Amino acid sequence: MNAIFYLAGAVAVLSTILAISRLNAVHALLYTIVSLLAVALAFFTLGAPFAAILEVIIYAGAIMVLFVFVVMLLNVGPEATEQERLWFHPATWGGPAFLAVILIGELVYVILHEGPAAPPAQIVTPKAVSLTLLGPYLLGVELASLVLLAGLVAAFHAGMREED
Amino acid sequence: MATVPTLYGLVLAGILFGLGALGVIVRRNLFFILLSLEIMLNAAGLAFVVAGSRWAQADGQVMFIFILTVAAAELSVGLALLIQFHHRYRTLDIDAASDLRG
């Protein structure tokens, strides 16, 4: 089980690195979807099957599909890939990537070496999640529905074309 | 089944979050910036699920559900604005939105 988690983590990191460095929008989207699936597998090995299913269905299955629809709507052609190639030369990403690698290394070091060792992951069943979600966090569920309604209205209004 | 040290789950979340932040900083196309923001939100959700798994409480996955909801709502608004941006400026260059300067 540990080996599966490490392999899924490596796939997630590698596909994320590829996703942020692709020039074609659809290629970046596909690598992001692979990263999300790998993170869902990591959820499963961490004893969170409900979160794994939600990650696949909602994040990779609805949110990324929304991205795909927007790419289809924008209808950018091959000149967009050429434009990305002009914007994405090493002088642009060299400095921030170097500093970001330093910061990520610091973060990994701090997590691994400071504080007590963490115990192994324990399984949290979907039944426990649903009892907690619809029990103490019922107000959060109602507020989440309000957020979705606000998002719906805002997206509808922001996407309207002015008829003039 | 559950023998994975949760510390390495936090490390994975930190690395993914840093990579998403790097994507936001480096890319100039608004679409890729939104994509990197989603990567960051996913990494934050991973950290919450790892924490819930460490304490054997369902609160981590509940928070993950809320993060998913907020990410979906924010993304739909962001993509609607992206389409309007493209309609108005004819490009997705983030540097084209400089009307507030000076």
# chains A, B, ... in the order shown; residues from 1 in each chain; ligands from 1
>>> closest_atom_pairs(of="chain B", to="chain A", cutoff="7 Å", atoms="only C-alpha atoms", output="CSV")
residue,atom,partner,partner_atom,distance
B:Met1,CA,A:Met1,CA,6.4
B:Ala2,CA,A:Ala121,CA,5.3
B:Thr3,CA,A:Pro120,CA,5.1
B:Val4,CA,A:Pro120,CA,5.2
B:Pro5,CA,A:Pro120,CA,4.3
B:Thr6,CA,A:Ala121,CA,5.6
B:Leu7,CA,A:Ala118,CA,5.7
B:Val11,CA,A:Val108,CA,5.6
B:Leu12,CA,A:Gly9,CA,6.5
B:Gly14,CA,A:Leu107,CA,6.8
B:Ile15,CA,A:Ile104,CA,6.0
B:Leu16,CA,A:Val13,CA,6.4
B:Gly18,CA,A:Ile104,CA,6.0
B:Leu19,CA,A:Ile17,CA,6.8
B:Leu22,CA,A:Ala100,CA,6.5
B:Gly23,CA,A:Ile20,CA,5.3
B:Val26,CA,A:Trp93,CA,5.5
B:Ser36,CA,A:Ile20,CA,6.9
B:Ser53,CA,A:Ala121,CA,5.3
B:Arg54,CA,A:Ala121,CA,5.2
B:Ala56,CA,A:Gln122,CA,5.5
B:Gln57,CA,A:Val124,CA,6.7
B:Ala58,CA,A:Val129,CA,4.8
B:Asp59,CA,A:Thr132,CA,6.9
B:Gln61,CA,A:Ala51,CA,6.0
B:Val62,CA,A:Leu133,CA,5.9
B:Phe66,CA,A:Ala144,CA,6.7
B:Thr69,CA,A:Ala144,CA,6.5
B:Val70,CA,A:Val147,CA,7.0
B:Ala72,CA,A:Ile63,CA,6.3
B:Ala73,CA,A:Gly151,CA,4.7
B:Glu74,CA,A:Gly151,CA,6.7
B:Ser76,CA,A:Ala155,CA,5.9
B:Val77,CA,A:Ala155,CA,4.6
B:Ala80,CA,A:Gly159,CA,5.0
B:Leu81,CA,A:Ala158,CA,6.1
B:Gln84,CA,A:Gly159,CA,6.5
>>> select_by_dssp(residues="segment 35-154 of chain A", states="helix (DSSP H, G or I)", output="ChimeraX atom specification")
/A:35-45,49-74,78-87,90-113,126-133,138-154
>>> closest_residue(among="A:Val65, A:Val26, A:Val34, A:Leu41", to="Gly77 of chain A", atoms="only C-alpha atoms")
A:Val26
>>> atom_distance(atom1="atom CA of Gly135 of chain A", atom2="atom CA of Phe64 of chain B")
16.1 Å
>>> closest_residue(among="B:Leu82, B:Val50, B:Ala13, B:Ile67", to="Leu34 of chain B", atoms="only C-alpha atoms")
B:Leu82
